[in-house]
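So the structure is just underneath, and the comments pick up after that.
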Amino acid sequence: MRPQWANRGALAFLFGTPAMLGLIGFLVVPFLMAIGLTLTNQKLLSPQDTRIVGLSNYERLLGLTMIRQDSVLGVNGDTGFERVRDVTRRTPRLHGYKPLGQAEFGSTRLVLLARDPIFIQSLLNTILFAVMVVPLQCSLALALALLVNAGLPGQRLFRTVYFSPVVMSMVVVAVIWAFLFNRDLGLINQFLSWATFGKFQPVDWLGNPATAMPAIVIMSAWQGAGLQMLIFLAGLQAIPKELYDAARIDGATAFQRFLHVTLPGLSRTIAFVIIITTIAAFGLFTQVDVMTQGGPANATSTVMFYAIERGVRGQDIAYGSTITVVYFVLIATLALLQQRFFARRAGS
Amino acid sequence: MRRSPIMFSAMVLLTASCGEKPVDTRANLHLWQHQTGPEEHEANKQLIARFNAGHPDLKIHAQTIPQGSYPQSVMAAAMAGRLPCVLTVDSPMVPAFVWAGHIRPLDDLIDRNAFAEIAPAGLGRYNGHIYAVGQFDAALAIFTRRSTLAQVGARIPTVQHPWTREEFDGLLGKLKATGRWQVPLDLGTREPNPNWWTYAYSPLLQSFGGDLIDRGANQTAQGVLNGPAAQQWAVWFRSLFVNGFARRQEPDDQSLLHGRVAMAYTGNWRAPDLEKAFGKDLLILPPPDLGHGVVIGGGSWQWAISSTCKSPKEAANFIQHVIRTDEIADMASAAGMIPSTEAAAERTSRFRRGGDWRVFFDLSRAYAQQRPSTPAFTTISNAWYRAARDIMDGTNPRDSLDDAVDEIDQSIQDNGGFATVAKGKSR
Amino acid sequence: MKPPLNSKTAAQRIATYAIVLLFVVIFVSPFLFMLMASFKPNQQIFSDLSSIRAFLPVGSISLQNYRDVIGSSGIGRFALNSAFITIVTVCAGLFVNSLAAFALARLEWRGKGMVLGLIVVLLIIPLEAIAVPMMLMVAYLPTLGFEGGLSIQWSWLDTRLVQIVPFVANAFSIFFFYQAFSDIPRDFDEAAYVDGATPFQVYRHVIVPLSGTTFATVAIIQGLAAWNQYLWPVIVVPSEGARPLMVGLQQFFRFQTEWGEVMAYATLATLPVFLAFIFFQRWFVQSVMGSGVKG
């Protein structure tokens, strides 16, 4: 009677094919190509032939080693250590290594060397960005959702206002914020100075390695929080009103209600929001590209920025691909762990 | 879902965007130029219009490409086999374009004598051929005001007798001591652009006796970019910021105009604005001699013909038109740029002997040095930019310079020394 | 919907309002700055920057920046390109992704779990990660060209096509549709099948009509991404013919940037999406709130 029941599999295949073709053709295939390219020395438009170079791109990206140095007597009679770059340039085995960190123990010191310290710094920067932006953006979004949900007149307007940065192009947002962050003329310094009666010393937000990443964090949270706010609003409205009433009858304060009713009621929403925010955070690129180009002193260089910098602008496709493949393995592992973690929490 | 109105508008857009097809029997000559200021853009339009008027059988299609992504655009077009016939190239990029096979020698198509009058910095040479030719060059100078120097009793230097390093450092100290300006000097370090940093600050390194690469064979930067002279440069460069002589990032490029700084190190393209504001009080001075003579960067945007051009003869005609004396003079006047030939300079009111801006012409002829002529230029430029910027921000100068050298030498090694490969490989 | 207000004192309410308004200021001021700066000459933008004047239409206000932008930048063509790219991406994307999600959510077949797993994995690959190999790939894909008669060109570079096709199928959209479709009670399909409907008819007449808000959400999210594309077209679209709006912004960043023109261009580029958002917002807001996070 119902022939379509019989060939569901074929039909599902038919329905899914266009999307799967797109995903495979424009995500999976390029990604597999990237894996293949990592084993070569492919450059963009080099007249020289491409060669297979084995794992040397990975070695150049991830190479780490440690050396031990004993202190030597300097010319002035003081003791010190030989300059690390003099050692690496002299020793063929250490060729291309640069110092990443060091620790001194009396008259010896250990120096950690990396083939590509900028990649490692970019990786740390990306993690730092995620660690800062995820809590900030998620809590800002939750705060906005609570405010919009507080039943004040005009809340639809507020909702629109809070959401509006989401519709703006990140390029435009970054250009505008670069003005606001300006050291001498920017409004952020002017405001802080005004609010502290002139005690605040102007900060070169984007020009200081210590503040550049936090500045990008603030801007990113501002731009993205609107979307998460809407998701939280949905979660808030799904919490049964009776729970609040019961808590109130028990004499719970507003803060206790938030802690014992709102937060548990939002646990699944919070997990979802954290996961999507984290994924977005690990792809950080545009803000850096427009506002700081990875500077100052690589303080804002992220993995995606570095991959484009080397792969496209430096025309070293093979190396750029190596960066992205290594990175994918890292974030896929992280995402898996995160999902496990939240699945267990939500399940318990 | 009511999707039909959207579909309809999509169809309208589709047809609208496909409908441009005039009937035209003229041969087509496609041309790319980089984005410029409005005056130069307008002058280019007129140049093309005049050429078109003289060649009724040809139709030029000119397109403007943003400067920021120009190399990427050329790369993408080359991969797609869609390079235009004629294109502008920033002169230090010429070797890279030649090496990648984008452009063809001009001297195969045009008699070499045609280029005899052009200043060296106006020619893009590589491997013994001329690949590109420019109508004009730019020059960096120190801009300040007569009254400013008078205030601290400083000597006004000339092209023949520039400031020495001691004089220059002393002057900065005196200007700083007056407290009249936020800082004495705007170096232009706000620009986050590797090519600008190479153009503007590697000449200072050269003036110290260092260089970006050993120019003998262009195979290594070892000993030049990290040698003693380069380290001296680094210490000096850093000291400008430590001593409060310059700021790493002025909020805009109007610092001199608004009186925030006493002097600005910038290019001839700023001269019109500053002249309007300061009149006769404006001084345009050579950069200081930091020990090994004044050096300024040479070589601006130049015209070239792509290897895939199907009508090279017509393209060559266009290039020949571009370097006519009257065209060079017109462009130089309109864009305020330094003409590539003496004859053209004499035809302009600004750059002829005795003209207000003759100093740029003299500076360019006396001190301009081109950037390293190697396909590794982009790598060199990026490595230099990172090192110089980090040195400005206070990293260990020796380490930063060594890193730059390693990066450059590695890239040259990876690319087999950029030895020219026999032609014939498609794409 | 509303937590009872009666428990709050007037003071509490005023405090809440103050915070709400503070956030409004924080969220509106950058926009306001962009809008106001677009009416001002370059010099005044800087001289106004450090005071409240940055947010006020004071000083010499004119439409000159807009005239310059419209007169010189090719913004019309870029806007047309962006509109075309956005509309086609969204229309094709809605159809393709919802159909795939329908197969995943409402049909039973072997390997479903695996495909779903693959889609979740694909969610975390950002475009930047595959931009380079994808560029190599699209450089050699065939397409039909119209220049000088119909012909096959062996490259997608420098076309509108290359800005559309790779973005039609979207893992996030499929996932989003999948969640929304999964929430619709099964009885609806069963009833339709009993009436002799084919699966496509179930999709067309049962699932789609019940998911209007989900479609709106996906349309807006995918549309915003298409409209605001930047890195990809910078890499693959060199010339003016197919250049989208956001890349056009680049041409203002040169020596002596005219910031007033940048702001005017940015305002013009943002306006259509902003209006579209206002127009769609009720639908959209309900949808994200209604269907976003059941997973």
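Chains: A, B, ... in order of the structure tokens. Residues: from 1 per chain. Ligands: from 1, in order shown.
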
Would you give me, as an MDAnalysis selection string, the residues of chain B that come within 9 Å of chain A, using only C-alpha atoms? chainID B and resid 71:72 75 78:79 99:101 192 248:251 378:379 382 386 389:391 393:395 399 402:403 406:407 410 414:416 420:423 425 427

Residues of chain C within 6 Å of chain B, only C-alpha atoms counted, as an mmCIF file with C-alpha atoms, in the first residue's frame:
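Final file, result38.cif:
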```
data_model
loop_
_atom_site.group_PDB
_atom_site.id
_atom_site.type_symbol
_atom_site.label_atom_id
_atom_site.label_comp_id
_atom_site.auth_asym_id
_atom_site.auth_seq_id
_atom_site.Cartn_x
_atom_site.Cartn_y
_atom_site.Cartn_z
ATOM 1 C CA ALA C 139 40.898 27.416 -9.481
ATOM 2 C CA SER C 155 38.288 28.094 -13.276
ATOM 3 C CA LEU C 157 38.077 32.168 -9.636
ATOM 4 C CA VAL C 236 39.394 34.282 -4.894
ATOM 5 C CA PRO C 238 40.397 39.704 -7.766
ATOM 6 C CA GLN C 251 39.450 50.400 -1.478
#
```

Using only C-alpha atoms, which chain A residues lie at most 7 Å away from chain C, written as a VMD selection string? chain A and resid 2 4 8 to 9 12 15 to 16 18 to 19 22 to 23 26 30 to 31 33 to 34 147 149 to 151 158 161 to 162 167 to 169 172 176 185 to 187 190 230 to 231 233 to 234 237 269 272 279 283 304 311 to 312 317 324

Just the selected residues (N, CA and C atoms), exported as a short mmCIF file (atom, residue, chain, number, x, y, z; two decimals), in the first residue's frame, please.
```
data_model
loop_
_atom_site.label_atom_id
_atom_site.label_comp_id
_atom_site.auth_asym_id
_atom_site.auth_seq_id
_atom_site.Cartn_x
_atom_site.Cartn_y
_atom_site.Cartn_z
N ARG A 2 1.91 1.20 0.76
CA ARG A 2 2.72 2.42 0.89
C ARG A 2 4.13 2.15 0.36
N GLN A 4 6.46 4.02 -0.60
CA GLN A 4 7.55 4.87 -0.12
C GLN A 4 8.19 4.35 1.16
N ARG A 8 12.77 3.84 1.73
CA ARG A 8 13.20 5.00 2.52
C ARG A 8 14.69 5.30 2.33
N GLY A 9 15.47 4.21 2.39
CA GLY A 9 16.91 4.41 2.29
C GLY A 9 17.28 5.13 1.01
N ALA A 12 16.02 8.73 1.23
CA ALA A 12 16.86 9.52 2.14
C ALA A 12 18.15 9.90 1.43
N PHE A 15 17.37 12.70 -0.94
CA PHE A 15 17.15 13.99 -0.26
C PHE A 15 18.46 14.56 0.29
N GLY A 16 19.27 13.64 0.79
CA GLY A 16 20.49 14.12 1.45
C GLY A 16 21.61 14.44 0.49
N PRO A 18 22.20 16.37 -2.29
CA PRO A 18 22.72 17.71 -2.60
C PRO A 18 23.54 18.31 -1.46
N ALA A 19 23.01 18.22 -0.24
CA ALA A 19 23.72 18.79 0.90
C ALA A 19 25.02 18.06 1.15
N GLY A 22 27.65 18.96 -1.31
CA GLY A 22 28.23 20.27 -0.98
C GLY A 22 29.21 20.17 0.16
N LEU A 23 28.79 19.46 1.22
CA LEU A 23 29.68 19.37 2.39
C LEU A 23 30.94 18.59 2.06
N PHE A 26 33.10 20.71 -0.57
CA PHE A 26 33.68 21.98 -0.16
C PHE A 26 34.14 22.03 1.29
N PRO A 30 38.46 19.53 0.42
CA PRO A 30 39.56 20.48 0.69
C PRO A 30 40.37 20.09 1.92
N PHE A 31 39.67 19.54 2.91
CA PHE A 31 40.41 19.17 4.11
C PHE A 31 41.35 18.00 3.83
N MET A 33 42.57 17.38 0.94
CA MET A 33 43.64 17.98 0.15
C MET A 33 44.68 18.63 1.05
N ALA A 34 44.18 19.29 2.09
CA ALA A 34 45.10 19.95 3.02
C ALA A 34 46.03 18.93 3.65
N LEU A 147 17.86 40.74 31.81
CA LEU A 147 17.35 42.11 31.78
C LEU A 147 16.15 42.22 30.84
N ASN A 149 14.25 39.94 30.00
CA ASN A 149 13.17 39.09 30.48
C ASN A 149 12.56 39.62 31.78
N ALA A 150 13.04 40.77 32.27
CA ALA A 150 12.60 41.25 33.57
C ALA A 150 11.22 41.89 33.52
N GLY A 151 10.62 41.95 32.35
CA GLY A 151 9.26 42.45 32.25
C GLY A 151 9.16 43.96 32.29
N PHE A 158 14.75 46.93 23.58
CA PHE A 158 16.06 46.61 24.14
C PHE A 158 16.63 45.35 23.49
N VAL A 161 18.03 46.22 20.24
CA VAL A 161 19.28 46.96 20.38
C VAL A 161 20.43 46.01 20.73
N TYR A 162 20.19 45.12 21.69
CA TYR A 162 21.26 44.22 22.11
C TYR A 162 21.65 43.26 21.00
N VAL A 167 24.20 41.70 13.45
CA VAL A 167 23.95 41.81 12.00
C VAL A 167 25.07 42.58 11.30
N MET A 168 25.95 43.18 12.07
CA MET A 168 27.00 43.97 11.42
C MET A 168 28.16 43.10 10.99
N SER A 169 28.79 43.50 9.91
CA SER A 169 29.98 42.79 9.46
C SER A 169 31.10 42.99 10.47
N VAL A 172 33.47 45.81 9.67
CA VAL A 172 33.00 47.15 10.02
C VAL A 172 33.12 47.37 11.53
N ILE A 176 35.38 50.29 13.52
CA ILE A 176 34.82 51.27 14.46
C ILE A 176 35.49 51.17 15.83
N LEU A 185 42.96 59.60 21.40
CA LEU A 185 41.69 60.22 21.09
C LEU A 185 40.50 59.33 21.41
N GLY A 186 40.79 58.03 21.59
CA GLY A 186 39.70 57.07 21.71
C GLY A 186 38.80 57.33 22.90
N LEU A 187 37.52 57.06 22.73
CA LEU A 187 36.55 57.37 23.77
C LEU A 187 36.70 56.50 25.00
N GLN A 190 39.17 58.16 27.16
CA GLN A 190 38.58 59.43 27.62
C GLN A 190 37.56 59.17 28.73
N LEU A 230 19.57 35.66 22.79
CA LEU A 230 18.30 35.11 22.31
C LEU A 230 18.15 33.65 22.72
N ILE A 231 19.24 32.92 22.63
CA ILE A 231 19.17 31.51 22.99
C ILE A 231 18.86 31.36 24.48
N LEU A 233 17.23 33.54 26.24
CA LEU A 233 15.83 33.94 26.42
C LEU A 233 14.91 32.74 26.22
N ALA A 234 15.20 31.97 25.17
CA ALA A 234 14.40 30.79 24.91
C ALA A 234 14.45 29.85 26.11
N GLN A 237 12.47 31.12 29.11
CA GLN A 237 11.02 31.03 29.01
C GLN A 237 10.53 29.60 29.10
N THR A 269 20.89 24.70 28.10
CA THR A 269 21.12 25.89 27.28
C THR A 269 22.53 26.40 27.46
N PHE A 272 24.97 24.31 25.57
CA PHE A 272 24.91 24.58 24.14
C PHE A 272 25.60 25.90 23.80
N ILE A 279 33.50 27.13 19.86
CA ILE A 279 33.85 26.84 18.46
C ILE A 279 34.16 28.14 17.71
N GLY A 283 37.99 29.96 16.09
CA GLY A 283 38.19 30.38 14.70
C GLY A 283 38.59 31.84 14.57
N MET A 304 44.39 30.67 13.31
CA MET A 304 43.81 30.89 11.99
C MET A 304 44.49 32.07 11.29
N GLY A 311 50.09 30.69 4.83
CA GLY A 311 49.58 29.92 3.69
C GLY A 311 49.22 30.77 2.49
N VAL A 312 48.52 31.88 2.73
CA VAL A 312 48.05 32.70 1.62
C VAL A 312 49.01 33.85 1.35
N ILE A 317 51.70 27.25 0.84
CA ILE A 317 50.46 26.49 1.02
C ILE A 317 50.67 25.28 1.91
N THR A 324 46.71 24.17 9.77
CA THR A 324 45.28 23.93 9.96
C THR A 324 44.99 22.48 10.31
#
```

CA of Leu61 (chain A) to CA of Leu113 (chain A) measures 12.1 Å

Determine which residues of region 109-176 of chain C receive a DSSP assignment of helix (DSSP H, G or I), computed from the backbone, and state them as a ChimeraX atom specification. /C:112-122,127-138,161-168,171-176

Output C-alpha atoms for every residue in the selection just made, as a short mmCIF file (atom, residue, chain, number, x, y, z; two decimals), in the first residue's frame.
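Output file again_6.cif is given in full below:
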```cif
data_model
loop_
_atom_site.label_atom_id
_atom_site.label_comp_id
_atom_site.auth_asym_id
_atom_site.auth_seq_id
_atom_site.Cartn_x
_atom_site.Cartn_y
_atom_site.Cartn_z
CA LYS C 112 22.10 7.85 9.68
CA GLY C 113 24.03 8.04 12.92
CA MET C 114 27.28 8.17 11.04
CA VAL C 115 26.16 10.99 8.77
CA LEU C 116 24.88 12.94 11.76
CA GLY C 117 28.22 12.43 13.49
CA LEU C 118 30.04 13.65 10.38
CA ILE C 119 27.93 16.81 10.30
CA VAL C 120 28.70 17.55 13.94
CA VAL C 121 32.42 17.13 13.22
CA LEU C 122 32.17 19.42 10.21
CA LEU C 127 36.41 28.39 6.59
CA GLU C 128 39.86 29.83 7.28
CA ALA C 129 41.13 26.31 7.91
CA ILE C 130 40.41 25.09 4.40
CA ALA C 131 40.56 28.34 2.45
CA VAL C 132 43.91 27.54 0.87
CA PRO C 133 43.25 24.05 -0.49
CA MET C 134 39.77 25.15 -1.51
CA MET C 135 41.28 27.99 -3.48
CA LEU C 136 43.53 25.54 -5.31
CA MET C 137 40.51 23.36 -5.99
CA VAL C 138 38.14 26.03 -7.29
CA LEU C 161 29.57 31.25 -8.48
CA VAL C 162 32.62 30.69 -6.31
CA GLN C 163 31.05 32.82 -3.61
CA ILE C 164 27.80 30.85 -3.66
CA VAL C 165 28.21 27.13 -4.30
CA PRO C 166 30.67 26.31 -1.49
CA PHE C 167 28.34 27.91 1.06
CA VAL C 168 24.97 26.46 0.08
CA ALA C 171 26.55 21.86 8.51
CA PHE C 172 25.16 24.30 11.05
CA SER C 173 21.96 24.84 9.06
CA ILE C 174 21.42 21.11 8.67
CA PHE C 175 21.96 20.61 12.36
CA PHE C 176 19.57 23.42 13.19
#
```

What is the CA of Ile67 (chain A) to CA of Val87 (chain A) distance in Å?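 Taking CA of Ile67 (chain A) and CA of Val87 (chain A), their separation equals 9.6 Å.
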
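Closest approach to Gln33 (chain B) among B:His321, B:His161, B:Arg260, B:Lys45: B:Lys45, based on only C-alpha atoms.
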
I want to know what sits within 8 Å of region 294-311 of chain B, based on only C-alpha atoms, with residues of the same chain fewer than 2 positions away left out; could you give that as a VMD selection string? chain B and resid 29 81 83 to 92 101 to 106 121 to 124 131 to 140 162 199 to 200 203 to 204 206 to 207 286 to 290 292 313 to 316 319 363 to 364 367 to 371

Find the distance between CA of Thr89 (chain C) and CA of Arg160 (chain C) and write it in Å to one decimal.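 According to the coordinates, CA of Thr89 (chain C) and CA of Arg160 (chain C) are separated by 10.7 Å.
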
Give the answer as one residue: which of A:Pro117, A:Gly80, A:Gly106, A:Pro214 has the shortest atom-to-atom distance to Leu136 (chain A), using only C-alpha atoms? A:Pro214

Can you tell me, as JSON, numbers by chain, what residues are no more than 7 Å from Leu185 (chain B) when counting only C-alpha atoms, ignoring any on the same chain fewer than 6 positions away? {"B": [245, 246, 261, 262, 263, 264]}

Can you write out as JSON lines which residues of region 190-214 of chain B fall within 10 Å of region 227-240 of chain B, alongside each residue's closest atom pair and its distance in Å to one decimal, counting only C-alpha atoms and ordering rows by chain and ascending residue number?
```
{"residue": "B:Tyr201", "atom": "CA", "partner": "B:Phe237", "partner_atom": "CA", "distance": 9.3}
{"residue": "B:Ser202", "atom": "CA", "partner": "B:Trp233", "partner_atom": "CA", "distance": 9.8}
{"residue": "B:Leu204", "atom": "CA", "partner": "B:Trp233", "partner_atom": "CA", "distance": 7.6}
{"residue": "B:Leu205", "atom": "CA", "partner": "B:Trp233", "partner_atom": "CA", "distance": 5.8}
{"residue": "B:Gln206", "atom": "CA", "partner": "B:Ala230", "partner_atom": "CA", "distance": 8.3}
{"residue": "B:Ser207", "atom": "CA", "partner": "B:Trp233", "partner_atom": "CA", "distance": 8.8}
{"residue": "B:Phe208", "atom": "CA", "partner": "B:Ala229", "partner_atom": "CA", "distance": 5.8}
{"residue": "B:Gly209", "atom": "CA", "partner": "B:Ala229", "partner_atom": "CA", "distance": 5.5}
{"residue": "B:Gly210", "atom": "CA", "partner": "B:Ala230", "partner_atom": "CA", "distance": 5.0}
{"residue": "B:Asp211", "atom": "CA", "partner": "B:Ala230", "partner_atom": "CA", "distance": 7.4}
{"residue": "B:Leu212", "atom": "CA", "partner": "B:Ala230", "partner_atom": "CA", "distance": 9.2}
```

Spatial neighbours of Ala345 (chain B), max dist 10 Å, only C-alpha atoms, sep filter under 4 positions, as a list in words: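 Those residues are Phe136, Thr325, Asp326, Ile328, Ala329, Asp330, Ala332, Ser333, Ile338, Pro339, Ser340, Thr341, Ser349, Arg350, Phe351, Arg352, Arg353, Gly355, Arg358 and Phe361 of chain B.
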